[in-house]
$ cat my_file30.pdb   # PDB, C-alpha atoms
ATOM      1  CA  MET A  12     109.211 142.072  95.131
ATOM      2  CA  THR A  13     111.104 142.974  91.937
ATOM      3  CA  ARG A  14     113.129 139.747  92.153
ATOM      4  CA  LEU A  15     109.954 137.745  92.744
ATOM      5  CA  ASP A  16     108.205 139.381  89.794
ATOM      6  CA  GLY A  17     111.240 138.612  87.638
ATOM      7  CA  ARG A  18     111.139 134.939  88.595
ATOM      8  CA  VAL A  19     107.420 134.762  87.845
ATOM      9  CA  GLU A  20     107.918 136.419  84.464
ATOM     10  CA  ARG A  21     110.749 134.032  83.587
ATOM     11  CA  GLY A  22     108.632 131.107  84.708
ATOM     12  CA  ASN A  23     105.750 132.249  82.515
ATOM     13  CA  ARG A  24     108.055 132.646  79.510
ATOM     14  CA  THR A  25     109.489 129.180  80.072
ATOM     15  CA  ARG A  26     106.010 127.709  80.444
ATOM     16  CA  GLN A  27     104.939 129.251  77.128
ATOM     17  CA  LEU A  28     108.114 127.978  75.462
ATOM     18  CA  VAL A  29     107.413 124.460  76.714
ATOM     19  CA  LEU A  30     103.753 124.547  75.715
ATOM     20  CA  ARG A  31     104.543 125.797  72.209
ATOM     21  CA  ARG A  32     106.683 122.693  71.820
ATOM     22  CA  THR A  33     104.216 120.293  73.457
ATOM     23  CA  VAL A  34     101.314 121.251  71.184
ATOM     24  CA  ASP A  35     103.527 120.663  68.152
ATOM     25  CA  ILE A  36     104.694 117.269  69.408
ATOM     26  CA  ALA A  37     101.190 116.161  70.397
ATOM     27  CA  SER A  38      99.697 117.153  67.053
ATOM     28  CA  VAL A  39     102.051 114.676  65.355
ATOM     29  CA  GLU A  40     102.758 111.989  67.950
ATOM     30  CA  GLY A  41      99.958 112.349  70.504
ATOM     31  CA  LEU A  42      99.862 113.482  74.106
ATOM     32  CA  GLU A  43     101.495 110.286  75.356
ATOM     33  CA  ALA A  44     104.663 111.290  73.517
ATOM     34  CA  LEU A  45     105.185 114.154  75.961
ATOM     35  CA  SER A  46     107.779 113.727  78.687
ATOM     36  CA  VAL A  47     109.667 116.068  80.983
ATOM     37  CA  GLY A  48     112.999 114.550  79.948
ATOM     38  CA  ARG A  49     112.370 114.978  76.244
ATOM     39  CA  LEU A  50     111.230 118.573  76.626
ATOM     40  CA  ALA A  51     114.174 119.466  78.838
ATOM     41  CA  THR A  52     116.613 118.009  76.301
ATOM     42  CA  GLU A  53     115.001 119.568  73.222
ATOM     43  CA  LEU A  54     114.585 123.001  74.809
ATOM     44  CA  GLN A  55     117.865 122.905  76.769
ATOM     45  CA  LEU A  56     116.135 123.309  80.104
ATOM     46  CA  SER A  57     116.608 121.494  83.401
ATOM     47  CA  LYS A  58     114.329 118.508  84.048
ATOM     48  CA  SER A  59     113.615 119.830  87.527
ATOM     49  CA  GLY A  60     112.654 123.210  86.101
ATOM     50  CA  VAL A  61     110.213 121.714  83.600
ATOM     51  CA  PHE A  62     108.751 119.389  86.237
ATOM     52  CA  ALA A  63     108.274 122.315  88.642
ATOM     53  CA  LEU A  64     106.135 124.098  86.046
ATOM     54  CA  PHE A  65     103.639 121.244  85.688
ATOM     55  CA  GLY A  66     104.137 118.749  88.519
ATOM     56  CA  SER A  67     103.057 115.636  86.614
ATOM     57  CA  LYS A  68     102.756 114.238  83.106
ATOM     58  CA  GLN A  69      98.981 114.430  83.359
ATOM     59  CA  GLU A  70      99.068 118.139  84.193
ATOM     60  CA  LEU A  71     101.502 118.649  81.304
ATOM     61  CA  GLN A  72      98.984 116.952  78.999
ATOM     62  CA  LEU A  73      96.089 118.997  80.358
ATOM     63  CA  ALA A  74      98.056 122.239  80.007
ATOM     64  CA  THR A  75      98.838 121.244  76.418
ATOM     65  CA  VAL A  76      95.143 120.754  75.640
ATOM     66  CA  ARG A  77      94.372 124.163  77.168
ATOM     67  CA  GLU A  78      97.110 125.841  75.131
ATOM     68  CA  ALA A  79      95.925 124.151  71.931
ATOM     69  CA  THR A  80      92.393 125.362  72.703
ATOM     70  CA  ARG A  81      93.661 128.922  73.125
ATOM     71  CA  ILE A  82      95.448 128.792  69.767
ATOM     72  CA  TYR A  83      92.403 127.195  68.128
ATOM     73  CA  VAL A  84      90.115 129.982  69.353
ATOM     74  CA  GLU A  85      92.608 132.598  68.178
ATOM     75  CA  GLN A  86      93.039 131.069  64.724
ATOM     76  CA  VAL A  87      89.549 129.770  63.929
ATOM     77  CA  MET A  88      86.778 131.138  66.095
ATOM     78  CA  SER A  89      87.791 134.745  66.788
ATOM     79  CA  PRO A  90      88.310 135.797  63.130
ATOM     80  CA  ALA A  91      84.923 134.349  62.152
ATOM     81  CA  ALA A  92      83.237 136.210  65.014
ATOM     82  CA  GLU A  93      84.234 139.497  63.350
ATOM     83  CA  VAL A  94      81.801 138.765  60.490
ATOM     84  CA  PRO A  95      78.112 139.626  61.120
ATOM     85  CA  ALA A  96      75.874 136.708  62.098
ATOM     86  CA  GLY A  97      74.523 134.821  59.116
ATOM     87  CA  VAL A  98      75.719 132.621  56.286
ATOM     88  CA  GLY A  99      78.790 134.843  55.868
ATOM     89  CA  ARG A 100      79.955 134.098  59.408
ATOM     90  CA  LEU A 101      79.313 130.373  58.937
ATOM     91  CA  TRP A 102      81.276 130.307  55.691
ATOM     92  CA  ARG A 103      84.086 132.293  57.305
ATOM     93  CA  LEU A 104      84.215 129.830  60.210
ATOM     94  CA  CYS A 105      84.661 126.911  57.810
ATOM     95  CA  GLU A 106      87.251 128.850  55.817
ATOM     96  CA  CYS A 107      89.207 129.677  58.976
ATOM     97  CA  TRP A 108      89.206 126.027  60.004
ATOM     98  CA  LEU A 109      90.459 124.872  56.618
ATOM     99  CA  ASP A 110      93.124 127.603  56.621
ATOM    100  CA  TYR A 111      94.163 126.565  60.142
ATOM    101  CA  SER A 112      94.597 122.955  59.044
ATOM    102  CA  GLN A 113      96.139 123.674  55.642
ATOM    103  CA  GLY A 114      98.483 126.297  57.100
ATOM    104  CA  ARG A 115      99.759 123.735  59.617
ATOM    105  CA  VAL A 116      99.317 125.945  62.644
ATOM    106  CA  PHE A 117     100.105 122.606  64.270
ATOM    107  CA  PRO A 118     102.541 120.511  62.205
ATOM    108  CA  GLY A 119     100.329 117.433  62.445
ATOM    109  CA  GLY A 120      97.304 119.241  61.026
ATOM    110  CA  CYS A 121      94.374 119.621  63.407
ATOM    111  CA  PHE A 122      95.625 119.114  66.969
ATOM    112  CA  PHE A 123      92.253 117.907  68.193
ATOM    113  CA  TYR A 124      91.770 115.345  65.434
ATOM    114  CA  GLU A 125      94.987 113.688  66.605
ATOM    115  CA  VAL A 126      94.263 113.687  70.339
ATOM    116  CA  VAL A 127      90.596 112.686  69.968
ATOM    117  CA  ALA A 128      91.727 109.557  68.126
ATOM    118  CA  GLU A 129      94.292 108.938  70.860
ATOM    119  CA  PHE A 130      91.957 109.325  73.845
ATOM    120  CA  ASP A 131      88.497 108.457  72.500
ATOM    121  CA  ALA A 132      88.326 105.023  74.172
ATOM    122  CA  ARG A 133      90.131 105.980  77.388
ATOM    123  CA  SER A 134      88.939 107.474  80.641
ATOM    124  CA  GLY A 135      90.290 110.058  83.035
ATOM    125  CA  PRO A 136      90.914 113.810  83.205
ATOM    126  CA  VAL A 137      92.750 114.087  79.880
ATOM    127  CA  HIS A 138      89.996 112.190  78.061
ATOM    128  CA  ASP A 139      87.435 114.475  79.702
ATOM    129  CA  ALA A 140      89.341 117.612  78.646
ATOM    130  CA  VAL A 141      89.500 116.396  75.049
ATOM    131  CA  VAL A 142      85.778 115.576  75.110
ATOM    132  CA  ARG A 143      84.958 119.066  76.420
ATOM    133  CA  ALA A 144      87.015 120.686  73.685
ATOM    134  CA  GLN A 145      85.299 118.629  70.992
ATOM    135  CA  ARG A 146      81.836 119.297  72.395
ATOM    136  CA  ASP A 147      82.535 123.014  72.740
ATOM    137  CA  TRP A 148      83.603 123.206  69.094
ATOM    138  CA  THR A 149      80.543 121.310  67.870
ATOM    139  CA  ALA A 150      78.265 123.478  70.011
ATOM    140  CA  HIS A 151      79.908 126.603  68.612
ATOM    141  CA  VAL A 152      79.310 125.509  65.017
ATOM    142  CA  GLU A 153      75.686 124.726  65.907
ATOM    143  CA  ARG A 154      75.267 128.206  67.435
ATOM    144  CA  VAL A 155      76.632 129.900  64.322
ATOM    145  CA  ILE A 156      74.225 127.858  62.200
ATOM    146  CA  THR A 157      71.319 128.724  64.506
ATOM    147  CA  GLU A 158      72.219 132.420  64.288
ATOM    148  CA  ALA A 159      72.232 132.200  60.495
ATOM    149  CA  ARG A 160      68.820 130.518  60.588
ATOM    150  CA  ASP A 161      67.490 133.188  62.965
ATOM    151  CA  THR A 162      68.634 135.968  60.617
ATOM    152  CA  GLY A 163      66.626 134.339  57.840
ATOM    153  CA  GLU A 164      69.687 133.484  55.747
ATOM    154  CA  LEU A 165      69.259 129.732  56.293
ATOM    155  CA  ARG A 166      65.940 127.987  55.702
ATOM    156  CA  ARG A 167      63.699 127.736  58.748
ATOM    157  CA  ASP A 168      63.721 123.940  58.578
ATOM    158  CA  THR A 169      67.537 123.764  58.787
ATOM    159  CA  ASP A 170      68.580 121.118  61.328
ATOM    160  CA  ALA A 171      71.511 122.834  63.076
ATOM    161  CA  PRO A 172      73.057 119.716  64.702
ATOM    162  CA  GLN A 173      72.809 117.783  61.427
ATOM    163  CA  LEU A 174      74.356 120.567  59.352
ATOM    164  CA  ALA A 175      77.123 121.053  61.933
ATOM    165  CA  PHE A 176      77.882 117.329  61.806
ATOM    166  CA  GLU A 177      78.161 117.429  58.010
ATOM    167  CA  LEU A 178      80.367 120.524  57.895
ATOM    168  CA  ILE A 179      82.720 119.227  60.592
ATOM    169  CA  ALA A 180      82.934 115.856  58.836
ATOM    170  CA  LEU A 181      83.938 117.543  55.574
ATOM    171  CA  MET A 182      86.593 119.656  57.289
ATOM    172  CA  GLU A 183      88.053 116.772  59.263
ATOM    173  CA  THR A 184      88.153 114.547  56.188
ATOM    174  CA  ALA A 185      90.131 117.217  54.329
ATOM    175  CA  ASN A 186      92.533 117.380  57.263
ATOM    176  CA  VAL A 187      93.202 113.658  57.505
ATOM    177  CA  VAL A 188      93.518 113.128  53.735
ATOM    178  CA  SER A 189      95.914 116.058  53.412
ATOM    179  CA  VAL A 190      98.092 114.940  56.315
ATOM    180  CA  LEU A 191      98.112 111.326  55.169
ATOM    181  CA  HIS A 192      99.009 112.054  51.550
ATOM    182  CA  ASP A 193     100.886 115.329  52.069
ATOM    183  CA  GLU A 194      98.759 117.191  49.527
ATOM    184  CA  THR A 195      96.292 120.069  49.517
ATOM    185  CA  VAL A 196      93.669 119.031  46.944
ATOM    186  CA  ALA A 197      91.427 117.770  49.737
ATOM    187  CA  TYR A 198      90.972 121.315  51.055
ATOM    188  CA  HIS A 199      89.644 122.500  47.702
ATOM    189  CA  ARG A 200      87.273 119.539  47.568
ATOM    190  CA  ALA A 201      86.061 120.357  51.084
ATOM    191  CA  ARG A 202      85.454 124.000  50.163
ATOM    192  CA  VAL A 203      83.449 122.967  47.087
ATOM    193  CA  ALA A 204      81.379 120.507  49.143
ATOM    194  CA  ILE A 205      80.778 122.989  51.988
ATOM    195  CA  ALA A 206      79.732 125.722  49.555
ATOM    196  CA  SER A 207      77.322 123.308  47.846
ATOM    197  CA  ARG A 208      75.811 122.255  51.174
ATOM    198  CA  LEU A 209      75.387 125.851  52.339
ATOM    199  CA  ARG A 210      73.773 126.934  49.069
ATOM    200  CA  ALA A 211      71.266 124.120  49.446
ATOM    201  CA  ALA A 212      70.387 125.366  52.941
ATOM    202  CA  ALA A 213      70.517 129.115  52.247
ATOM    203  CA  THR A 214      67.421 131.154  51.487
ATOM    204  CA  ASP A 215      69.518 132.959  48.881
ATOM    205  CA  PRO A 216      72.260 130.789  47.327
ATOM    206  CA  ALA A 217      74.094 133.957  46.239
ATOM    207  CA  LEU A 218      75.046 134.491  49.901
ATOM    208  CA  VAL A 219      77.621 131.710  49.506
ATOM    209  CA  PRO A 220      80.689 132.729  47.495
ATOM    210  CA  GLU A 221      81.914 130.772  44.508
ATOM    211  CA  VAL A 222      84.954 128.577  45.129
ATOM    212  CA  PRO A 223      87.757 129.360  42.630
TER     213      PRO A 223
END
$ encode --input "my_file30.pdb" --output "C-alpha cells"
Amino acid sequence: MTRLDGRVERGNRTRQLVLRRTVDIASVEGLEALSVGRLATELQLSKSGVFALFGSKQELQLATVREATRIYVEQVMSPAAEVPAGVGRLWRLCECWLDYSQGRVFPGGCFFYEVVAEFDARSGPVHDAVVRAQRDWTAHVERVITEARDTGELRRDTDAPQLAFELIALMETANVVSVLHDETVAYHRARVAIASRLRAAATDPALVPEVP
C-alpha cells in the first residue's frame, strides 16, 4: 500500500508539473500548441509517462482548461469574495481581474481570452469546456452586480447583464492592448473607466474609490 501511495503521489506531482507548463503554453500559443512530445522534452519526462497521465491530446487540453479555471478562481474570484456584498466587492472583483492580467499569472495575459479566440468557431468537448468557463465567469459577475443592487448600493434600475458586459469588455480590452503593445497604461485606463461606470450606477458615488 505504501508503494502504491508513493506512485500515486508522484503521479499527482508530475501531473501538476505538466499542467503548470500547459497553462503557460496555451495562454501564449493556444491549446493546439500542446503535445505530449513537447511537454516530455521541455520537462525532461518520458513521453509514455506524460501520455499515461492524460491518455489523449483532447484530455490534455481539457485538463489544462480545468487547471486554468482553478487558478483563475484562486486569483480573481476568491479574494473578491472576502469583501462584503456590494459595490466594494464588485470593485474588488474588477481590481483582482486587472491584477491577474497585469501580473501575468499566465504569461500570455488572460488564459481564457486566448483560448476563447482559438475555439470560438469550433465544436467539440474542448469548445464546450471553454464556453462553460466563459459563461460561468459572466454569470458570476452578474451575480455580484445583483448582490450590490440588492444591498441598495447600486440603483434599482441597474441592468446586471448589461453592466457585466460593459465591465468585462473594459477588462478584456485592457488585457489585449497590454499584451499586444507590451505596456501597462491600458490597465489604468480600464480602472478609470470602470470606476466612472460604477459611480454612475451607484446610489452613493463615494462608494467607489478614486483611481490614483
$ resolve_selection --input "my_file30.pdb" --expression "the PyMOL selection byres ((chain A and resi 125) around 10)" --output "PyMOL selection string"
chain A and resi 37-42+119-124+126-130+187
$ resolve_selection --input "my_file30.pdb" --expression "the PyMOL selection byres ((chain A and resi 84) around 12)" --output "list in words"
Arg77, Glu78, Ala79, Thr80, Arg81, Ile82, Tyr83, Glu85, Gln86, Val87, Met88, Ser89, Pro90, Ala91, Ala92, Leu104, Cys107, Trp108, Tyr111, Ala144, Asp147, Trp148 and His151 of chain A
$ write_last_selection --input "my_file30.pdb" --atoms "C-alpha atoms" --output "PDB file, keeping the file's coordinate frame"
ATOM      1  CA  ARG A  77      94.372 124.163  77.168  1.00  0.00           C
ATOM      2  CA  GLU A  78      97.110 125.841  75.131  1.00  0.00           C
ATOM      3  CA  ALA A  79      95.925 124.151  71.931  1.00  0.00           C
ATOM      4  CA  THR A  80      92.393 125.362  72.703  1.00  0.00           C
ATOM      5  CA  ARG A  81      93.661 128.922  73.125  1.00  0.00           C
ATOM      6  CA  ILE A  82      95.448 128.792  69.767  1.00  0.00           C
ATOM      7  CA  TYR A  83      92.403 127.195  68.128  1.00  0.00           C
ATOM      8  CA  GLU A  85      92.608 132.598  68.178  1.00  0.00           C
ATOM      9  CA  GLN A  86      93.039 131.069  64.724  1.00  0.00           C
ATOM     10  CA  VAL A  87      89.549 129.770  63.929  1.00  0.00           C
ATOM     11  CA  MET A  88      86.778 131.138  66.095  1.00  0.00           C
ATOM     12  CA  SER A  89      87.791 134.745  66.788  1.00  0.00           C
ATOM     13  CA  PRO A  90      88.310 135.797  63.130  1.00  0.00           C
ATOM     14  CA  ALA A  91      84.923 134.349  62.152  1.00  0.00           C
ATOM     15  CA  ALA A  92      83.237 136.210  65.014  1.00  0.00           C
ATOM     16  CA  LEU A 104      84.215 129.830  60.210  1.00  0.00           C
ATOM     17  CA  CYS A 107      89.207 129.677  58.976  1.00  0.00           C
ATOM     18  CA  TRP A 108      89.206 126.027  60.004  1.00  0.00           C
ATOM     19  CA  TYR A 111      94.163 126.565  60.142  1.00  0.00           C
ATOM     20  CA  ALA A 144      87.015 120.686  73.685  1.00  0.00           C
ATOM     21  CA  ASP A 147      82.535 123.014  72.740  1.00  0.00           C
ATOM     22  CA  TRP A 148      83.603 123.206  69.094  1.00  0.00           C
ATOM     23  CA  HIS A 151      79.908 126.603  68.612  1.00  0.00           C
TER      24      HIS A 151
END
$ resolve_selection --input "my_file30.pdb" --expression "the PyMOL selection byres ((chain A and resi 205-209) around 10)" --output "PyMOL selection string"
chain A and resi 98+101-102+105-106+165+174+177-179+181-182+199-204+210-216+218-222
$ atom_distance --input "my_file30.pdb" --atom1 "atom CA of Thr149 of chain A" --atom2 "atom CA of Glu183 of chain A"
12.3 Å
$ atom_distance --input "my_file30.pdb" --atom1 "atom CA of Arg100 of chain A" --atom2 "atom CA of Ala171 of chain A"
14.5 Å
$ atom_distance --input "my_file30.pdb" --atom1 "atom CA of Gly135 of chain A" --atom2 "atom CA of Gly22 of chain A"
28.0 Å
$ closest_residue --input "my_file30.pdb" --among "A:Ala150, A:Val116, A:Val47, A:Leu28" --to "Phe65 of chain A" --atoms "only C-alpha atoms"
A:Val47
$ residues_around --input "my_file30.pdb" --residues "Leu73 of chain A" --least-positions-apart "6" --cutoff "10 Å" --atoms "all atoms listed in the file" --output "VMD selection string"
chain A and resid 42 65 67 79 136 to 141
$ decode --input "my_file30.pdb" --residues "segment 95-125 of chain A" --atoms "N, CA, C and O atoms" --output "PDB file, in the first residue's frame"
ATOM      1  N   PRO A  95     -17.395  42.165   1.726  1.00  0.00           N
ATOM      2  CA  PRO A  95     -18.858  42.081   1.854  1.00  0.00           C
ATOM      3  C   PRO A  95     -19.571  42.434   0.553  1.00  0.00           C
ATOM      4  O   PRO A  95     -19.086  43.257  -0.236  1.00  0.00           O
ATOM      5  N   ALA A  96     -20.724  41.803   0.334  1.00  0.00           N
ATOM      6  CA  ALA A  96     -21.504  42.049  -0.881  1.00  0.00           C
ATOM      7  C   ALA A  96     -21.809  43.529  -1.023  1.00  0.00           C
ATOM      8  O   ALA A  96     -22.129  44.212  -0.047  1.00  0.00           O
ATOM      9  N   GLY A  97     -21.711  44.018  -2.243  1.00  0.00           N
ATOM     10  CA  GLY A  97     -21.982  45.424  -2.511  1.00  0.00           C
ATOM     11  C   GLY A  97     -21.034  45.951  -3.562  1.00  0.00           C
ATOM     12  O   GLY A  97     -20.330  45.184  -4.239  1.00  0.00           O
ATOM     13  N   VAL A  98     -20.986  47.261  -3.696  1.00  0.00           N
ATOM     14  CA  VAL A  98     -20.123  47.886  -4.694  1.00  0.00           C
ATOM     15  C   VAL A  98     -18.652  47.580  -4.401  1.00  0.00           C
ATOM     16  O   VAL A  98     -17.850  47.404  -5.328  1.00  0.00           O
ATOM     17  N   GLY A  99     -18.300  47.485  -3.113  1.00  0.00           N
ATOM     18  CA  GLY A  99     -16.918  47.174  -2.751  1.00  0.00           C
ATOM     19  C   GLY A  99     -16.466  45.834  -3.302  1.00  0.00           C
ATOM     20  O   GLY A  99     -15.343  45.706  -3.794  1.00  0.00           O
ATOM     21  N   ARG A 100     -17.334  44.829  -3.201  1.00  0.00           N
ATOM     22  CA  ARG A 100     -16.991  43.508  -3.746  1.00  0.00           C
ATOM     23  C   ARG A 100     -16.878  43.570  -5.262  1.00  0.00           C
ATOM     24  O   ARG A 100     -15.964  42.963  -5.862  1.00  0.00           O
ATOM     25  N   LEU A 101     -17.765  44.294  -5.914  1.00  0.00           N
ATOM     26  CA  LEU A 101     -17.730  44.408  -7.373  1.00  0.00           C
ATOM     27  C   LEU A 101     -16.448  45.099  -7.824  1.00  0.00           C
ATOM     28  O   LEU A 101     -15.793  44.654  -8.779  1.00  0.00           O
ATOM     29  N   TRP A 102     -16.092  46.177  -7.157  1.00  0.00           N
ATOM     30  CA  TRP A 102     -14.853  46.879  -7.487  1.00  0.00           C
ATOM     31  C   TRP A 102     -13.650  45.967  -7.255  1.00  0.00           C
ATOM     32  O   TRP A 102     -12.735  45.915  -8.086  1.00  0.00           O
ATOM     33  N   ARG A 103     -13.662  45.242  -6.135  1.00  0.00           N
ATOM     34  CA  ARG A 103     -12.555  44.339  -5.839  1.00  0.00           C
ATOM     35  C   ARG A 103     -12.437  43.246  -6.890  1.00  0.00           C
ATOM     36  O   ARG A 103     -11.326  42.851  -7.274  1.00  0.00           O
ATOM     37  N   LEU A 104     -13.552  42.748  -7.390  1.00  0.00           N
ATOM     38  CA  LEU A 104     -13.536  41.713  -8.420  1.00  0.00           C
ATOM     39  C   LEU A 104     -12.851  42.242  -9.680  1.00  0.00           C
ATOM     40  O   LEU A 104     -12.017  41.550 -10.285  1.00  0.00           O
ATOM     41  N   CYS A 105     -13.201  43.451 -10.081  1.00  0.00           N
ATOM     42  CA  CYS A 105     -12.576  44.049 -11.267  1.00  0.00           C
ATOM     43  C   CYS A 105     -11.090  44.291 -11.033  1.00  0.00           C
ATOM     44  O   CYS A 105     -10.251  44.046 -11.916  1.00  0.00           O
ATOM     45  N   GLU A 106     -10.748  44.771  -9.841  1.00  0.00           N
ATOM     46  CA  GLU A 106      -9.350  45.000  -9.497  1.00  0.00           C
ATOM     47  C   GLU A 106      -8.552  43.694  -9.540  1.00  0.00           C
ATOM     48  O   GLU A 106      -7.432  43.658 -10.061  1.00  0.00           O
ATOM     49  N   CYS A 107      -9.114  42.636  -8.986  1.00  0.00           N
ATOM     50  CA  CYS A 107      -8.436  41.341  -8.986  1.00  0.00           C
ATOM     51  C   CYS A 107      -8.205  40.854 -10.407  1.00  0.00           C
ATOM     52  O   CYS A 107      -7.151  40.294 -10.718  1.00  0.00           O
ATOM     53  N   TRP A 108      -9.197  41.054 -11.267  1.00  0.00           N
ATOM     54  CA  TRP A 108      -9.036  40.616 -12.659  1.00  0.00           C
ATOM     55  C   TRP A 108      -7.923  41.392 -13.337  1.00  0.00           C
ATOM     56  O   TRP A 108      -7.070  40.816 -14.024  1.00  0.00           O
ATOM     57  N   LEU A 109      -7.910  42.699 -13.165  1.00  0.00           N
ATOM     58  CA  LEU A 109      -6.868  43.514 -13.785  1.00  0.00           C
ATOM     59  C   LEU A 109      -5.493  43.174 -13.223  1.00  0.00           C
ATOM     60  O   LEU A 109      -4.502  43.119 -13.967  1.00  0.00           O
ATOM     61  N   ASP A 110      -5.413  42.912 -11.921  1.00  0.00           N
ATOM     62  CA  ASP A 110      -4.143  42.496 -11.316  1.00  0.00           C
ATOM     63  C   ASP A 110      -3.691  41.147 -11.872  1.00  0.00           C
ATOM     64  O   ASP A 110      -2.495  40.936 -12.113  1.00  0.00           O
ATOM     65  N   TYR A 111      -4.641  40.242 -12.032  1.00  0.00           N
ATOM     66  CA  TYR A 111      -4.351  38.907 -12.590  1.00  0.00           C
ATOM     67  C   TYR A 111      -3.774  39.020 -13.994  1.00  0.00           C
ATOM     68  O   TYR A 111      -2.782  38.367 -14.336  1.00  0.00           O
ATOM     69  N   SER A 112      -4.363  39.882 -14.814  1.00  0.00           N
ATOM     70  CA  SER A 112      -3.864  40.058 -16.176  1.00  0.00           C
ATOM     71  C   SER A 112      -2.545  40.809 -16.185  1.00  0.00           C
ATOM     72  O   SER A 112      -1.571  40.371 -16.808  1.00  0.00           O
ATOM     73  N   GLN A 113      -2.487  41.930 -15.475  1.00  0.00           N
ATOM     74  CA  GLN A 113      -1.277  42.755 -15.464  1.00  0.00           C
ATOM     75  C   GLN A 113      -0.104  42.015 -14.826  1.00  0.00           C
ATOM     76  O   GLN A 113       1.041  42.171 -15.261  1.00  0.00           O
ATOM     77  N   GLY A 114      -0.375  41.211 -13.802  1.00  0.00           N
ATOM     78  CA  GLY A 114       0.676  40.465 -13.132  1.00  0.00           C
ATOM     79  C   GLY A 114       1.157  39.258 -13.905  1.00  0.00           C
ATOM     80  O   GLY A 114       2.087  38.574 -13.477  1.00  0.00           O
ATOM     81  N   ARG A 115       0.527  38.985 -15.045  1.00  0.00           N
ATOM     82  CA  ARG A 115       0.895  37.856 -15.903  1.00  0.00           C
ATOM     83  C   ARG A 115       0.944  36.552 -15.122  1.00  0.00           C
ATOM     84  O   ARG A 115       1.940  35.810 -15.163  1.00  0.00           O
ATOM     85  N   VAL A 116      -0.150  36.292 -14.410  1.00  0.00           N
ATOM     86  CA  VAL A 116      -0.312  34.974 -13.788  1.00  0.00           C
ATOM     87  C   VAL A 116      -0.126  33.904 -14.860  1.00  0.00           C
ATOM     88  O   VAL A 116       0.483  32.863 -14.631  1.00  0.00           O
ATOM     89  N   PHE A 117      -0.644  34.179 -16.050  1.00  0.00           N
ATOM     90  CA  PHE A 117      -0.332  33.415 -17.249  1.00  0.00           C
ATOM     91  C   PHE A 117       0.491  34.332 -18.159  1.00  0.00           C
ATOM     92  O   PHE A 117       0.111  35.499 -18.343  1.00  0.00           O
ATOM     93  N   PRO A 118       1.581  33.865 -18.726  1.00  0.00           N
ATOM     94  CA  PRO A 118       2.467  34.758 -19.476  1.00  0.00           C
ATOM     95  C   PRO A 118       1.816  35.432 -20.677  1.00  0.00           C
ATOM     96  O   PRO A 118       2.256  36.499 -21.102  1.00  0.00           O
ATOM     97  N   GLY A 119       0.750  34.830 -21.205  1.00  0.00           N
ATOM     98  CA  GLY A 119       0.068  35.428 -22.342  1.00  0.00           C
ATOM     99  C   GLY A 119      -1.044  36.380 -21.947  1.00  0.00           C
ATOM    100  O   GLY A 119      -1.857  36.781 -22.790  1.00  0.00           O
ATOM    101  N   GLY A 120      -1.097  36.765 -20.674  1.00  0.00           N
ATOM    102  CA  GLY A 120      -2.209  37.591 -20.203  1.00  0.00           C
ATOM    103  C   GLY A 120      -3.336  36.688 -19.745  1.00  0.00           C
ATOM    104  O   GLY A 120      -3.100  35.660 -19.108  1.00  0.00           O
ATOM    105  N   CYS A 121      -4.568  37.041 -20.069  1.00  0.00           N
ATOM    106  CA  CYS A 121      -5.704  36.219 -19.651  1.00  0.00           C
ATOM    107  C   CYS A 121      -5.745  34.921 -20.449  1.00  0.00           C
ATOM    108  O   CYS A 121      -5.897  34.940 -21.675  1.00  0.00           O
ATOM    109  N   PHE A 122      -5.639  33.802 -19.776  1.00  0.00           N
ATOM    110  CA  PHE A 122      -5.684  32.489 -20.419  1.00  0.00           C
ATOM    111  C   PHE A 122      -6.945  32.336 -21.252  1.00  0.00           C
ATOM    112  O   PHE A 122      -6.907  31.880 -22.402  1.00  0.00           O
ATOM    113  N   PHE A 123      -8.074  32.727 -20.697  1.00  0.00           N
ATOM    114  CA  PHE A 123      -9.351  32.460 -21.357  1.00  0.00           C
ATOM    115  C   PHE A 123      -9.588  33.361 -22.568  1.00  0.00           C
ATOM    116  O   PHE A 123     -10.268  32.966 -23.512  1.00  0.00           O
ATOM    117  N   TYR A 124      -9.027  34.553 -22.560  1.00  0.00           N
ATOM    118  CA  TYR A 124      -9.129  35.400 -23.747  1.00  0.00           C
ATOM    119  C   TYR A 124      -8.465  34.708 -24.928  1.00  0.00           C
ATOM    120  O   TYR A 124      -8.989  34.708 -26.045  1.00  0.00           O
ATOM    121  N   GLU A 125      -7.312  34.094 -24.681  1.00  0.00           N
ATOM    122  CA  GLU A 125      -6.580  33.402 -25.742  1.00  0.00           C
ATOM    123  C   GLU A 125      -7.349  32.199 -26.264  1.00  0.00           C
ATOM    124  O   GLU A 125      -7.530  32.036 -27.474  1.00  0.00           O
TER     125      GLU A 125
END
